[in-house]
Amino acid sequence: EMDRRWQERRSMEAALRQAVAEEAFELHFQPQVALPEGRLIGFEALIRWRHPQRGLLSPAVFLPLAEELGLMQRIGNWVLRESCRIAAGWPEPLVVAVNVAPAQFEGGHLPEDVAEALRMSGLPAKRLELEVTETVLLTTAETALSQLLALRESGVGIAMDDFGTGYSSLTQLRVFPFDRLKIDRSFVQDLPEGGDAAAIVRAVTGLGRSLGIRVVAEGVETEEQLGRLRAEGCDAAQGYFFGRPVPVPQLPAVIRALGAQAVTA
């Protein structure tokens, strides 16, 4: 059994290294909508790997291995470039949200990498939003902060992902002026039951209003959850209720369905 697992891992490592070398990944995009009207404001880019034997794999399956192998910087830069290229073809002012890994801050070149991706694609900086977690800020500290400040000054939006799940979320709000806070899906899923989840959502939306930071809720799957978020004054939402992540060929239909042309910046 140990030998079988070792062989499987070795095979996975080799396949992943080859995929990185050949940039054999694809992006799916999940819509984000403004509340209360529910019209499209942009998409979050989500990486997928079409493994030659195992089919389409989610990032949870292969990104931890990529981190162990030191491949995240190359993968992250590919996602950044490809996201900007695809988003440049969307109607204005749709925004693309891209997750940034801690490895992309190593070396201090992220602002230059972002500038190059924007230049190559022709996408305006205001239509790109980078999502970072507390892990990024805690593990890379001053290096990450200085790069994020430079990116924000260039016009790129910065969002804190999974807000409320870390122990120092409020501390991070004091050291960096985020453009958006993303309420973690675990709180949204428990919304209909009220209690702690509802109180946390209410507190985060109120905090966002007080600080002038927009708040988006992740993992919205039911009309009841959406109703509670609207009642609390949440600014935006994403989740299966509005649409699952879809490949690029399906994006035009999603854009038409959610009324992108009527959205204002």
# chains A, B, ... in the order shown; residues from 1 in each chain; ligands from 1
call {"tool": "residues_around", "arguments": {"residues": "A:Arg119", "least_positions_apart": "6", "cutoff": "12 Å", "atoms": "only C-alpha atoms", "output": "list in words"}}
result
Arg81, Cys84, Arg85, Ala88, Glu112, Asp113 and Ala125 of chain A
call {"tool": "write_last_selection", "arguments": {"atoms": "N, CA and C atoms", "output": "short mmCIF file (atom, residue, chain, number, x, y, z; two decimals), in the first residue's frame"}}
result
data_model
loop_
_atom_site.label_atom_id
_atom_site.label_comp_id
_atom_site.auth_asym_id
_atom_site.auth_seq_id
_atom_site.Cartn_x
_atom_site.Cartn_y
_atom_site.Cartn_z
N ARG A 81 -1.78 36.23 -16.16
CA ARG A 81 -1.70 36.63 -17.57
C ARG A 81 -2.94 36.20 -18.35
N CYS A 84 -6.18 38.17 -17.38
CA CYS A 84 -6.21 39.51 -17.98
C CYS A 84 -6.51 39.44 -19.47
N ARG A 85 -5.91 38.47 -20.14
CA ARG A 85 -6.13 38.33 -21.59
C ARG A 85 -7.60 38.06 -21.90
N ALA A 88 -10.01 41.07 -21.02
CA ALA A 88 -9.91 42.22 -21.93
C ALA A 88 -10.98 42.16 -23.02
N GLU A 112 5.46 44.30 -10.90
CA GLU A 112 5.96 44.26 -12.28
C GLU A 112 5.26 43.18 -13.09
N ASP A 113 5.00 42.02 -12.46
CA ASP A 113 4.30 40.94 -13.16
C ASP A 113 2.88 41.37 -13.53
N ALA A 125 -6.16 48.75 -15.46
CA ALA A 125 -5.87 48.30 -14.09
C ALA A 125 -7.12 48.27 -13.23
#
call {"tool": "residues_around", "arguments": {"residues": "stretch 204-209 of chain A", "least_positions_apart": "5", "cutoff": "9 Å", "atoms": "only C-alpha atoms", "output": "list in words"}}
result
Phe163, Gly164, Arg180, Leu181, Ile183, Ala199, Arg214, Val215, Val216, Glu232, Gly233, Cys234 and Asp235 of chain A
call {"tool": "write_last_selection", "arguments": {"atoms": "C-alpha atoms", "output": "mmCIF file, in the first residue's frame"}}
result
data_model
loop_
_atom_site.group_PDB
_atom_site.id
_atom_site.type_symbol
_atom_site.label_atom_id
_atom_site.label_comp_id
_atom_site.auth_asym_id
_atom_site.auth_seq_id
_atom_site.Cartn_x
_atom_site.Cartn_y
_atom_site.Cartn_z
ATOM 1 C CA PHE A 163 -12.660 37.267 5.769
ATOM 2 C CA GLY A 164 -13.574 36.183 9.273
ATOM 3 C CA ARG A 180 -13.334 44.578 -0.788
ATOM 4 C CA LEU A 181 -13.930 42.011 1.935
ATOM 5 C CA ILE A 183 -17.289 36.873 3.615
ATOM 6 C CA ALA A 199 -24.497 38.093 13.589
ATOM 7 C CA ARG A 214 -17.401 46.925 -0.256
ATOM 8 C CA VAL A 215 -18.445 43.490 1.036
ATOM 9 C CA VAL A 216 -19.103 40.432 -1.138
ATOM 10 C CA GLU A 232 -28.064 43.116 5.825
ATOM 11 C CA GLY A 233 -26.963 45.479 3.053
ATOM 12 C CA CYS A 234 -24.284 43.248 1.516
ATOM 13 C CA ASP A 235 -22.850 44.892 -1.619
#
call {"tool": "select_by_dssp", "arguments": {"residues": "stretch 83-199 of chain A", "states": "alpha helix (DSSP H)", "output": "PyMOL selection string"}}
result
chain A and resi 83-87+110-121+134-153+169-175+185-189+195-199
call {"tool": "select_by_dssp", "arguments": {"residues": "stretch 18-183 of chain A", "states": "strand (DSSP E or B)", "output": "ChimeraX atom specification"}}
result
/A:25-34,39-51,55-57,95-99,128-132,157-163,180-183
call {"tool": "residues_around", "arguments": {"residues": "A:Gln32", "least_positions_apart": "4", "cutoff": "10 Å", "atoms": "only C-alpha atoms", "output": "PyMOL selection string"}}
result
chain A and resi 38-44+94-97+216-218+236-239+242-243+258
call {"tool": "residues_around", "arguments": {"residues": "stretch 1-13 of chain A", "least_positions_apart": "3", "cutoff": "12 Å", "atoms": "only C-alpha atoms", "output": "VMD selection string"}}
result
chain A and resid 16 to 20 49 51 to 54 57 61 to 71
call {"tool": "closest_residue", "arguments": {"among": "A:Glu134, A:Glu37, A:Glu153, A:Glu23", "to": "A:Arg74", "atoms": "only C-alpha atoms"}}
result
A:Glu23
call {"tool": "residues_around", "arguments": {"residues": "A:Leu123", "least_positions_apart": "2", "cutoff": "12 Å", "atoms": "only C-alpha atoms", "output": "JSON, numbers by chain"}}
result
{"A": [80, 81, 82, 83, 84, 85, 86, 87, 88, 89, 90, 91, 92, 93, 94, 95, 96, 114, 115, 116, 117, 118, 119, 120, 121, 125, 126, 127, 128, 129, 155, 156]}
call {"tool": "write_last_selection", "arguments": {"atoms": "N, CA, C and O atoms", "output": "compact mmCIF listing (two decimals), in the first residue's frame"}}
result
# COMPACT_ATOMS: atom_id res chain seq x y z
N LEU A 80 -2.60 34.80 -13.81
CA LEU A 80 -2.70 36.26 -13.92
C LEU A 80 -2.72 36.71 -15.37
O LEU A 80 -3.59 37.49 -15.79
N ARG A 81 -1.78 36.23 -16.16
CA ARG A 81 -1.70 36.63 -17.57
C ARG A 81 -2.94 36.20 -18.35
O ARG A 81 -3.52 36.97 -19.12
N GLU A 82 -3.34 34.95 -18.13
CA GLU A 82 -4.47 34.41 -18.89
C GLU A 82 -5.78 35.09 -18.48
O GLU A 82 -6.64 35.37 -19.33
N SER A 83 -5.94 35.37 -17.20
CA SER A 83 -7.15 36.05 -16.73
C SER A 83 -7.28 37.44 -17.35
O SER A 83 -8.37 37.83 -17.79
N CYS A 84 -6.18 38.17 -17.38
CA CYS A 84 -6.21 39.51 -17.98
C CYS A 84 -6.51 39.44 -19.47
O CYS A 84 -7.27 40.24 -20.01
N ARG A 85 -5.91 38.47 -20.14
CA ARG A 85 -6.13 38.33 -21.59
C ARG A 85 -7.60 38.06 -21.90
O ARG A 85 -8.19 38.68 -22.80
N ILE A 86 -8.21 37.15 -21.14
CA ILE A 86 -9.61 36.81 -21.38
C ILE A 86 -10.53 37.96 -21.00
O ILE A 86 -11.46 38.30 -21.72
N ALA A 87 -10.27 38.60 -19.85
CA ALA A 87 -11.13 39.68 -19.38
C ALA A 87 -11.10 40.89 -20.30
O ALA A 87 -12.07 41.66 -20.35
N ALA A 88 -10.01 41.07 -21.02
CA ALA A 88 -9.91 42.22 -21.93
C ALA A 88 -10.98 42.16 -23.02
O ALA A 88 -11.33 43.19 -23.60
N GLY A 89 -11.52 40.97 -23.28
CA GLY A 89 -12.56 40.83 -24.29
C GLY A 89 -13.97 40.98 -23.76
O GLY A 89 -14.94 40.89 -24.53
N TRP A 90 -14.12 41.20 -22.45
CA TRP A 90 -15.46 41.36 -21.87
C TRP A 90 -15.95 42.80 -22.03
O TRP A 90 -15.13 43.73 -22.16
N PRO A 91 -17.26 43.01 -21.95
CA PRO A 91 -17.78 44.38 -21.97
C PRO A 91 -17.31 45.16 -20.74
O PRO A 91 -17.21 44.59 -19.64
N GLU A 92 -17.00 46.42 -20.93
CA GLU A 92 -16.68 47.25 -19.76
C GLU A 92 -17.97 47.50 -18.98
O GLU A 92 -19.04 47.58 -19.58
N PRO A 93 -17.89 47.65 -17.65
CA PRO A 93 -16.69 47.68 -16.82
C PRO A 93 -16.47 46.38 -16.04
O PRO A 93 -16.05 46.41 -14.90
N LEU A 94 -16.78 45.23 -16.63
CA LEU A 94 -16.65 43.97 -15.91
C LEU A 94 -15.23 43.77 -15.39
O LEU A 94 -14.26 44.01 -16.09
N VAL A 95 -15.15 43.28 -14.14
CA VAL A 95 -13.87 43.11 -13.44
C VAL A 95 -13.54 41.63 -13.34
O VAL A 95 -14.43 40.78 -13.20
N VAL A 96 -12.26 41.29 -13.41
CA VAL A 96 -11.83 39.92 -13.16
C VAL A 96 -11.07 39.87 -11.84
O VAL A 96 -10.20 40.70 -11.57
N VAL A 114 2.22 42.07 -12.62
CA VAL A 114 0.87 42.54 -12.89
C VAL A 114 0.88 43.59 -14.01
O VAL A 114 0.05 43.55 -14.93
N ALA A 115 1.82 44.51 -13.94
CA ALA A 115 1.91 45.55 -14.97
C ALA A 115 2.15 44.95 -16.34
O ALA A 115 1.57 45.39 -17.34
N GLU A 116 2.98 43.90 -16.40
CA GLU A 116 3.25 43.24 -17.68
C GLU A 116 2.01 42.53 -18.20
O GLU A 116 1.70 42.58 -19.40
N ALA A 117 1.26 41.86 -17.30
CA ALA A 117 0.03 41.17 -17.72
C ALA A 117 -1.00 42.17 -18.23
O ALA A 117 -1.69 41.90 -19.24
N LEU A 118 -1.11 43.33 -17.59
CA LEU A 118 -2.04 44.36 -18.04
C LEU A 118 -1.59 44.94 -19.38
O LEU A 118 -2.42 45.19 -20.28
N ARG A 119 -0.31 45.15 -19.52
CA ARG A 119 0.21 45.72 -20.78
C ARG A 119 -0.02 44.78 -21.95
O ARG A 119 -0.47 45.19 -23.02
N MET A 120 0.28 43.50 -21.74
CA MET A 120 0.14 42.52 -22.82
C MET A 120 -1.32 42.33 -23.23
O MET A 120 -1.62 42.11 -24.41
N SER A 121 -2.23 42.42 -22.27
CA SER A 121 -3.65 42.17 -22.56
C SER A 121 -4.41 43.42 -22.97
O SER A 121 -5.44 43.33 -23.64
N ALA A 125 -6.16 48.75 -15.46
CA ALA A 125 -5.87 48.30 -14.09
C ALA A 125 -7.12 48.27 -13.23
O ALA A 125 -7.27 47.39 -12.37
N LYS A 126 -8.06 49.19 -13.45
CA LYS A 126 -9.25 49.26 -12.61
C LYS A 126 -10.18 48.06 -12.81
O LYS A 126 -11.10 47.85 -12.01
N ARG A 127 -9.93 47.26 -13.86
CA ARG A 127 -10.77 46.09 -14.11
C ARG A 127 -10.12 44.79 -13.61
O ARG A 127 -10.60 43.71 -13.90
N LEU A 128 -9.04 44.93 -12.85
CA LEU A 128 -8.38 43.77 -12.24
C LEU A 128 -8.45 43.90 -10.73
O LEU A 128 -8.17 44.95 -10.18
N GLU A 129 -8.84 42.81 -10.07
CA GLU A 129 -8.86 42.77 -8.61
C GLU A 129 -8.08 41.54 -8.15
O GLU A 129 -8.33 40.43 -8.63
N GLY A 155 -3.87 51.38 -9.43
CA GLY A 155 -5.26 51.30 -9.84
C GLY A 155 -5.87 49.93 -9.73
O GLY A 155 -7.08 49.75 -9.96
N VAL A 156 -5.08 48.92 -9.37
CA VAL A 156 -5.59 47.56 -9.21
C VAL A 156 -6.33 47.44 -7.88
O VAL A 156 -5.88 47.96 -6.86
call {"tool": "residues_around", "arguments": {"residues": "A:Thr165", "least_positions_apart": "2", "cutoff": "12 Å", "atoms": "only C-alpha atoms", "output": "NGL selection string"}}
result
:A and (133-135 or 160-163 or 167-170 or 181-187 or 197 or 200 or 204)
call {"tool": "atom_distance", "arguments": {"atom1": "atom CA of A:Asn99", "atom2": "atom CA of A:Gly55"}}
result
23.0 Å
call {"tool": "atom_distance", "arguments": {"atom1": "atom CA of A:Leu191", "atom2": "atom CA of A:Leu226"}}
result
9.3 Å
call {"tool": "closest_residue", "arguments": {"among": "A:Val248, A:Leu27, A:Leu130, A:Arg174", "to": "A:Ala159", "atoms": "only C-alpha atoms"}}
result
A:Leu130
call {"tool": "residues_around", "arguments": {"residues": "A:Phe176", "least_positions_apart": "3", "cutoff": "10 Å", "atoms": "only C-alpha atoms", "output": "JSON, numbers by chain"}}
result
{"A": [137, 145, 146, 148, 149, 158, 160, 171, 172, 173, 179]}
call {"tool": "atom_distance", "arguments": {"atom1": "atom CA of A:Tyr240", "atom2": "atom CA of A:Val220"}}
result
6.3 Å
